[in-house]
Amino acid sequence: MRENGYTVKLEDDQERAALRERYNVPLQIQSCHTAIVDGYIIEGHVPIEEIEKLLTERPEIVGLAVLGMPVGSPGMEDENQPLQPFDVLAFDQEGNTEVFASYPK
């Protein structure tokens, strides 16, 4: 995020479960990292392109998530490993999910 001009404030939040509950992040899409970006929840290794699309389009969703840590997702690049396909999921207040984007594009 910093590399793309965003100000980042890191917190080791021991209350992440409460945060996820407050924002209705479905258990099945909770991931290793949780971020709040301009009111949206970002779970896991979501590509910056999708976060920027989210902030531009401002859909009525709670946030975006990437399940697991697929090779080739942000922070998981490894030139010695083949890219793993993955989906960026959008989720709403009721816990419904839909594919927001698929990788590789």
# chains A, B, ... in the order shown; residues from 1 in each chain; ligands from 1
$ select_by_dssp --residues "region 34-70 of chain A" --states "helix (DSSP H, G or I)" --output "PyMOL selection string"
chain A and resi 48-57
$ residues_around --residues "Leu19 (chain A)" --least-positions-apart "4" --cutoff "10 Å" --atoms "only C-alpha atoms" --output "PyMOL selection string"
chain A and resi 13-15+23-25+34-36+41
$ write_last_selection --atoms "N, CA and C atoms" --output "PDB file, in the first residue's frame"
ATOM      1  N   ASP A  13      -3.452  -5.780  16.456  1.00  0.00           N
ATOM      2  CA  ASP A  13      -4.742  -5.695  17.113  1.00  0.00           C
ATOM      3  C   ASP A  13      -5.137  -7.038  17.713  1.00  0.00           C
ATOM      4  N   GLN A  14      -5.125  -7.085  19.020  1.00  0.00           N
ATOM      5  CA  GLN A  14      -5.538  -8.307  19.712  1.00  0.00           C
ATOM      6  C   GLN A  14      -7.054  -8.488  19.676  1.00  0.00           C
ATOM      7  N   GLU A  15      -7.758  -7.456  19.227  1.00  0.00           N
ATOM      8  CA  GLU A  15      -9.219  -7.497  19.160  1.00  0.00           C
ATOM      9  C   GLU A  15      -9.721  -7.666  17.723  1.00  0.00           C
ATOM     10  N   TYR A  23     -17.871  -5.707  11.719  1.00  0.00           N
ATOM     11  CA  TYR A  23     -18.041  -5.457  10.290  1.00  0.00           C
ATOM     12  C   TYR A  23     -18.698  -6.627   9.554  1.00  0.00           C
ATOM     13  N   ASN A  24     -19.138  -7.646  10.281  1.00  0.00           N
ATOM     14  CA  ASN A  24     -19.817  -8.804   9.693  1.00  0.00           C
ATOM     15  C   ASN A  24     -18.975  -9.518   8.639  1.00  0.00           C
ATOM     16  N   VAL A  25     -17.706  -9.722   8.935  1.00  0.00           N
ATOM     17  CA  VAL A  25     -16.842 -10.470   8.024  1.00  0.00           C
ATOM     18  C   VAL A  25     -17.155 -11.953   8.217  1.00  0.00           C
ATOM     19  N   THR A  34      -6.129  -8.137   8.306  1.00  0.00           N
ATOM     20  CA  THR A  34      -7.351  -7.356   8.203  1.00  0.00           C
ATOM     21  C   THR A  34      -6.963  -5.893   8.149  1.00  0.00           C
ATOM     22  N   ALA A  35      -7.535  -5.168   7.195  1.00  0.00           N
ATOM     23  CA  ALA A  35      -7.277  -3.737   7.079  1.00  0.00           C
ATOM     24  C   ALA A  35      -8.598  -3.009   6.916  1.00  0.00           C
ATOM     25  N   ILE A  36      -8.611  -1.771   7.361  1.00  0.00           N
ATOM     26  CA  ILE A  36      -9.731  -0.877   7.092  1.00  0.00           C
ATOM     27  C   ILE A  36      -9.193   0.197   6.157  1.00  0.00           C
ATOM     28  N   ILE A  41     -13.525  -3.063   4.677  1.00  0.00           N
ATOM     29  CA  ILE A  41     -12.649  -4.083   5.246  1.00  0.00           C
ATOM     30  C   ILE A  41     -11.944  -4.800   4.106  1.00  0.00           C
TER      31      ILE A  41
END
$ closest_residue --among "A:Lys105, A:Cys32, A:Glu98, A:Ala17" --to "Phe86 (chain A)" --atoms "only C-alpha atoms"
A:Lys105
$ residues_around --residues "Ile29 (chain A)" --least-positions-apart "4" --cutoff "10 Å" --atoms "only C-alpha atoms" --output "VMD selection string"
chain A and resid 25 43 to 44 64 to 68 89 to 91 95 97
$ atom_distance --atom1 "CA of Ala18 (chain A)" --atom2 "CA of Val37 (chain A)"
17.2 Å
$ atom_distance --atom1 "CA of Tyr40 (chain A)" --atom2 "CA of Val71 (chain A)"
24.3 Å
$ atom_distance --atom1 "CA of Ser102 (chain A)" --atom2 "CA of Pro85 (chain A)"
7.4 Å
$ select_by_dssp --residues "chain A" --states "strand (DSSP E)" --output "count of residues only"
24
$ closest_residue --among "A:Val99, A:Thr7, A:Gln93, A:Pro74" --to "Pro47 (chain A)" --atoms "only C-alpha atoms"
A:Pro74
$ closest_residue --among "A:Pro59, A:Ser31, A:Glu3, A:Glu52" --to "Asp92 (chain A)" --atoms "only C-alpha atoms"
A:Pro59
$ residues_around --residues "Gly72 (chain A)" --least-positions-apart "5" --cutoff "10 Å" --atoms "only C-alpha atoms" --output "list of chain:residue names"
A:His45, A:Pro47, A:Glu77, A:Asp78, A:Glu79, A:Gln81, A:Pro82, A:Leu83, A:Gln84, A:Pro85, A:Phe86, A:Tyr103, A:Pro104
$ decode --residues "region 34-73 of chain A" --atoms "N, CA and C atoms" --output "CSV table (one decimal), in the first residue's frame"
chain,number,residue,atom,x,y,z
A,34,THR,N,-6.1,-8.1,8.3
A,34,THR,CA,-7.4,-7.4,8.2
A,34,THR,C,-7.0,-5.9,8.1
A,35,ALA,N,-7.5,-5.2,7.2
A,35,ALA,CA,-7.3,-3.7,7.1
A,35,ALA,C,-8.6,-3.0,6.9
A,36,ILE,N,-8.6,-1.8,7.4
A,36,ILE,CA,-9.7,-0.9,7.1
A,36,ILE,C,-9.2,0.2,6.2
A,37,VAL,N,-9.8,0.3,5.0
A,37,VAL,CA,-9.4,1.3,4.0
A,37,VAL,C,-10.6,2.1,3.6
A,38,ASP,N,-10.6,3.3,4.1
A,38,ASP,CA,-11.7,4.3,3.8
A,38,ASP,C,-13.1,3.7,4.1
A,39,GLY,N,-13.2,3.0,5.2
A,39,GLY,CA,-14.4,2.4,5.7
A,39,GLY,C,-14.7,1.0,5.2
A,40,TYR,N,-13.9,0.5,4.3
A,40,TYR,CA,-14.1,-0.9,3.8
A,40,TYR,C,-13.1,-1.8,4.5
A,41,ILE,N,-13.5,-3.1,4.7
A,41,ILE,CA,-12.6,-4.1,5.2
A,41,ILE,C,-11.9,-4.8,4.1
A,42,ILE,N,-10.6,-5.0,4.3
A,42,ILE,CA,-9.8,-5.7,3.3
A,42,ILE,C,-9.3,-6.9,4.1
A,43,GLU,N,-9.6,-8.1,3.7
A,43,GLU,CA,-9.1,-9.4,4.3
A,43,GLU,C,-8.1,-10.1,3.4
A,44,GLY,N,-6.9,-10.3,3.9
A,44,GLY,CA,-5.9,-11.0,3.2
A,44,GLY,C,-5.2,-10.3,2.1
A,45,HIS,N,-4.7,-11.0,1.1
A,45,HIS,CA,-3.7,-10.4,0.1
A,45,HIS,C,-4.5,-9.9,-1.1
A,46,VAL,N,-5.3,-8.9,-0.9
A,46,VAL,CA,-6.0,-8.3,-2.0
A,46,VAL,C,-5.1,-7.4,-2.9
A,47,PRO,N,-5.1,-7.6,-4.2
A,47,PRO,CA,-4.3,-6.7,-5.0
A,47,PRO,C,-4.7,-5.2,-5.0
A,48,ILE,N,-3.8,-4.3,-5.1
A,48,ILE,CA,-4.0,-2.9,-5.0
A,48,ILE,C,-5.0,-2.5,-6.1
A,49,GLU,N,-4.9,-3.1,-7.3
A,49,GLU,CA,-5.8,-2.7,-8.3
A,49,GLU,C,-7.3,-2.9,-7.9
A,50,GLU,N,-7.6,-3.9,-7.2
A,50,GLU,CA,-9.0,-4.1,-6.7
A,50,GLU,C,-9.4,-3.2,-5.6
A,51,ILE,N,-8.4,-2.8,-4.7
A,51,ILE,CA,-8.7,-1.9,-3.7
A,51,ILE,C,-9.0,-0.5,-4.3
A,52,GLU,N,-8.2,-0.1,-5.3
A,52,GLU,CA,-8.4,1.1,-6.0
A,52,GLU,C,-9.8,1.2,-6.8
A,53,LYS,N,-10.1,0.0,-7.4
A,53,LYS,CA,-11.4,-0.1,-8.0
A,53,LYS,C,-12.5,0.1,-7.0
A,54,LEU,N,-12.4,-0.6,-5.9
A,54,LEU,CA,-13.4,-0.5,-4.8
A,54,LEU,C,-13.5,1.0,-4.4
A,55,LEU,N,-12.4,1.7,-4.2
A,55,LEU,CA,-12.5,3.1,-3.7
A,55,LEU,C,-13.0,4.0,-4.8
A,56,THR,N,-12.9,3.7,-6.0
A,56,THR,CA,-13.4,4.5,-7.1
A,56,THR,C,-14.9,4.3,-7.3
A,57,GLU,N,-15.3,3.0,-7.4
A,57,GLU,CA,-16.7,2.7,-7.6
A,57,GLU,C,-17.6,2.7,-6.4
A,58,ARG,N,-17.0,2.5,-5.2
A,58,ARG,CA,-17.7,2.6,-4.0
A,58,ARG,C,-19.0,1.8,-3.9
A,59,PRO,N,-18.9,0.5,-4.3
A,59,PRO,CA,-20.1,-0.3,-4.2
A,59,PRO,C,-20.6,-0.5,-2.8
A,60,GLU,N,-21.9,-0.9,-2.6
A,60,GLU,CA,-22.5,-1.0,-1.3
A,60,GLU,C,-22.2,-2.4,-0.8
A,61,ILE,N,-20.9,-2.6,-0.4
A,61,ILE,CA,-20.5,-3.9,0.2
A,61,ILE,C,-19.7,-3.5,1.4
A,62,VAL,N,-19.4,-4.5,2.2
A,62,VAL,CA,-18.6,-4.3,3.4
A,62,VAL,C,-17.1,-4.3,3.0
A,63,GLY,N,-16.7,-5.2,2.1
A,63,GLY,CA,-15.2,-5.2,1.8
A,63,GLY,C,-14.9,-6.3,0.8
A,64,LEU,N,-13.6,-6.5,0.7
A,64,LEU,CA,-13.0,-7.5,-0.2
A,64,LEU,C,-12.1,-8.5,0.6
A,65,ALA,N,-12.0,-9.7,0.0
A,65,ALA,CA,-11.2,-10.7,0.7
A,65,ALA,C,-10.5,-11.6,-0.3
A,66,VAL,N,-9.4,-12.1,0.0
A,66,VAL,CA,-8.7,-13.2,-0.8
A,66,VAL,C,-8.5,-14.3,0.2
A,67,LEU,N,-8.9,-15.5,-0.1
A,67,LEU,CA,-8.8,-16.6,0.8
A,67,LEU,C,-7.3,-17.2,0.8
A,68,GLY,N,-6.8,-17.5,1.9
A,68,GLY,CA,-5.5,-18.1,2.0
A,68,GLY,C,-4.4,-17.2,1.6
A,69,MET,N,-3.3,-17.7,1.1
A,69,MET,CA,-2.1,-16.9,0.7
A,69,MET,C,-1.6,-17.5,-0.6
A,70,PRO,N,-2.4,-17.3,-1.7
A,70,PRO,CA,-2.0,-17.8,-3.0
A,70,PRO,C,-0.7,-17.2,-3.6
A,71,VAL,N,0.1,-18.1,-4.1
A,71,VAL,CA,1.4,-17.6,-4.7
A,71,VAL,C,1.0,-16.7,-5.9
A,72,GLY,N,1.6,-15.5,-5.9
A,72,GLY,CA,1.3,-14.5,-6.9
A,72,GLY,C,0.5,-13.4,-6.4
A,73,SER,N,-0.2,-13.6,-5.2
A,73,SER,CA,-1.0,-12.5,-4.6
A,73,SER,C,0.0,-11.5,-4.0
